[in-house]
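Each remark here refers to the structure printed beneath this line.
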Amino acid sequence: MDDKELKRIRIAKRVAKEFIDGSVVNLGIGLPTLVANYIPEDRSILFHSENGFIGLGPEPEKGKEDPNIVNAGGKPVTIVKGGCFFDSAMSFAIIRGGHLDYTVLGALEVDEQGNLANYMIPGKMVPGMGGAMDLVAGAKTVIIAMEHTNKNGSPKILERCKLPLTAKEEVDIIITELAFIRVTKKGLVLEEIADDTTVDEVVKNTGARLIIEGNIRKFL
Amino acid sequence: MKKIITQDESVKKIKDGSTIMIGGFMVSGHPFLLVEELLKKNVKNLTLISNDAGFPDKGIGKLIVNNQVSKLIASHIGLNPVAGEKMNSGDMQVELVPQGTLAERIRAKGAGLGGILTPTGVGTDVQNGKEIKRINEKDYLLELPLGADFALIKATVVDKNGNCFVAKSAKNFNIVMAMAADCVIVEAEKIVDIGELDPDMVNIPGIFVSEIVKQ
């Protein structure tokens with residue numbers, strides 16, 4: 001497994017530990033989708049799929065795909081026992097109405113006010129926001145799961161986002177391969193660092209001020 | 001009893017310049033046959049309202065590739081690069097709408113509401129040009145109803161009164177779109193006699209449906 005994949009798995013594992021038993025969770029496409037593979041066994045989590053169901057299960061066996069059961073990326077998935085289907089208006093009522101405990105999304109940039117940019121790069125990538133703006137505005141807890149820096153090694157955690165925002169002041173937690181950071185009214189609080197890094201390393205790779213106080217825990 | 005029509009007849013009434021809602025989430029719950037008929041008929045200058053832009057070679061995306069769409073209202077176009085190119089070149093006007101806002105604007109039209117207030121998009125570019133209402137110390141955007149001349153939707157089982165059962169995650173936008181267009185054409189996987197569809201299983205009341213086409 002290459003370095004990048006190991007980083008992604010580490011992020012997914014740390015995110016997975018964050019959910020309280022019995023939560024309803026929406027996972028974004030890409031890295032966040034990996035989180036489902038690492039839910040601790042003592043927790044029962046229901047996954048919401050924005051295209052219209054609760055109880056999103058793993059990929060079907062080959063040959064057992066059902067064109068009427070797909071995830072938000074259009075890929076065949078399954079529904080777990082006890083799940084339920086609904087239409088788009090109900091799905092987004094669940095999202096916007098505060099009935100989702102967590103949403104996990106990737107980011108291009110996130111800043112110390114909890115602003116998030118993850119849906120477009122003007123002139124380059126303009127795919128549309130899909131359900132992201134609703135998810136970030138509506139979920140009780142917004143977790144950003146992303147690599148700490150971009151492919152050029154520049155920080156993605158900034159004082160202010162430069163790209164167009166997906167939502168304003170909605171991010172609660174940022175989890176990267178280096179750190180667990182909580183967004184608070186006072187700013188970004190560094191709560192945990194990865195086992196193989198240092199506080200200095202995290203600070204060096206972060207483009208915003210980190211509040212460092214008390215005991216910084218470690219995660220694997 | 002509703003009119004059951006053939007595939008050839010299905011899109012006859014749709015003319016150049018029509019506004020059309022098309023159900024589906026990418027390929028799930030998408031009325032493929034009705035879209036194929038639109039391609040054959042080659043009507044132009046359409047305004048399409050849909051969750052997404054499909055794929056260049058599948059479903060609604062083919063209408064875009066075939067230069068039949070002058071305006072697209074959707075939440076996501078990322079899986080159809082041709083839609084992105086046409087947006088950037090100005091060949092097609094694109095209005096990107098957050099997915100929940102799109103569903104609720106369509107529902108508002110069908111439900112006779114003058115608009116909806118949503119927190120989605122506050123503080124982003126989506127807010128531009130829109131009225132902001134502050135209610136109980138929280139900001140909301142006023143989003144206006146969205147209707148169409150035609151809705152092309154897909155259902156799993158349809159009875160001859162037009163009552164529809166839409167299975168699993170194929171429901172998506174098909175349910176709200178059935179309420180919000182002047183003429184609603186449903187592509188049925190299966191058509192059954194009146195009395196054969198359990199009223200408890202109906203997701204779309206037949207009163208919304210204008211015409212039924214057998215898949």
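Order determines the names: the first chain of the structure tokens is A, the second B, and so forth; residues in each chain are numbered 1 upward, and ligands are numbered 1 upward as they are shown.
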Distance filter 9 Å, only C-alpha atoms, chain A against chain B, as a ChimeraX atom specification = /A:51-53,67-74,84-89,91-93,95-96,123,125-138,164-169
Residues within 8 Å of Val171 (chain A), only C-alpha atoms, excluding chain neighbours under 2 positions, as a PDB file with C-alpha atoms, in the first residue's frame:
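The new file result07.pdb reads:
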ATOM      1  CA  GLY A 114     -15.171  27.121  10.215  1.00  0.00           C
ATOM      2  CA  ASN A 115     -15.729  28.271   6.647  1.00  0.00           C
ATOM      3  CA  LEU A 116     -15.471  25.525   4.047  1.00  0.00           C
ATOM      4  CA  VAL A 136     -22.885  21.321   5.711  1.00  0.00           C
ATOM      5  CA  THR A 141     -21.755  18.003  13.410  1.00  0.00           C
ATOM      6  CA  VAL A 142     -19.670  18.725  10.315  1.00  0.00           C
ATOM      7  CA  ILE A 143     -16.423  16.738  10.106  1.00  0.00           C
ATOM      8  CA  ILE A 144     -13.863  17.564   7.441  1.00  0.00           C
ATOM      9  CA  GLU A 169     -19.038  28.993   9.827  1.00  0.00           C
ATOM     10  CA  ILE A 173     -13.990  19.190  13.400  1.00  0.00           C
ATOM     11  CA  ILE A 174     -11.029  18.781  11.019  1.00  0.00           C
ATOM     12  CA  VAL A 183     -13.192  24.658  15.413  1.00  0.00           C
TER      13      VAL A 183
END
Could you list, as a ChimeraX atom specification, every residue within 6 Å of Ala148 (chain B), counting only C-alpha atoms and ignoring same-chain residues fewer than 5 positions away?
/B:19-20,181
Take the residues from that selection and put them in a file with C-alpha atoms, as a compact mmCIF listing (two decimals), in the first residue's frame.
# COMPACT_ATOMS: atom_id res chain seq x y z
CA THR B 19 -39.05 23.75 -20.24
CA ILE B 20 -38.75 20.10 -19.18
CA ALA B 181 -45.38 20.48 -14.46
Between B:Asp193, B:Asp198, B:Asp91, B:Asp8, which has the minimum distance to Asn45 (chain B) (counting only C-alpha atoms)?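 When distances to Asn45 (chain B) are compared using only C-alpha atoms, the smallest one comes from B:Asp91.
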Between A:Arg14, A:Lys62, A:Lys4, A:Lys124, single out the one closest to Glu85 (chain B), counting only C-alpha atoms.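 Smallest distance to Glu85 (chain B) is found for A:Lys124.
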| message | Based on the backbone DSSP call, show me all residues of region 79-131 of chain A assigned strand (DSSP E or B), as a ChimeraX atom specification. | response | /A:79-85,102-105,109-111,116-117,121,125
Q) Hey, what's within 9 Å of Ile64 (chain B) if we count only C-alpha atoms and toss same-chain stuff fewer than 6 positions away? As a list in words, please? A)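 Non-adjacent residues within range: Ala53, Pro56, Ser70, Leu72, Val82, Ala83, Lys86 and Met92 of chain B.
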inquiry  = Counting only C-alpha atoms, which residue out of B:Lys58, B:Lys71, B:Lys2, B:Lys190 sits closest to Val35 (chain B)?
reply    =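 The closest residue to Val35 (chain B) is B:Lys58.
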Q: Going by DSSP on the backbone, which bits of region 20-215 of chain B are helix (DSSP H, G or I)? Write them as a PyMOL selection string, please.
A: chain B and resi 32-41+61-65+81-89+99-110+125-127+168-170+174-177+199-201+206-208
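Between Phe47 (chain A) and the candidates A:Lys64, A:Ile29, A:Glu5, A:Thr103, the tightest atom-to-atom separation, counting only C-alpha atoms, involves A:Thr103.
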* To do: Find the residues near Val184 (chain B): any atom within 6 Å, counting only C-alpha atoms, skip ones fewer than 5 places away on the same chain, and give them as an NGL selection string.
  => :B and (150-151 or 209-210)
Please provide as a ChimeraX atom specification all residues within 10 Å of Val202 (chain A), with the sequence filter that same-chain residues fewer than 5 positions apart are discarded (counting only C-alpha atoms). /A:148,177-179,190,193-194,197,207,210
### Task
Extract, using only C-alpha atoms, all DNA, RNA and protein residues at most 8 Å from Lys7 (chain A), discarding same-chain residues fewer than 4 positions from it, and format them as a count of residues only.
4
Atom pair CA of Leu158 (chain A) + CA of Asn128 (chain B), distance 24.3 Å
With distances taken over only C-alpha atoms, the candidate from B:Lys3, B:Phe32, B:Leu117, B:Ile191 nearest Leu63 (chain B) is B:Phe32
Exercise. Considering only C-alpha atoms, state which residue in the set B:Glu143, B:Asp149, B:Glu9, B:Asp159 is at the smallest distance from Leu33 (chain B).
Key: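 For Leu33 (chain B), the nearest of the candidates is B:Glu9.
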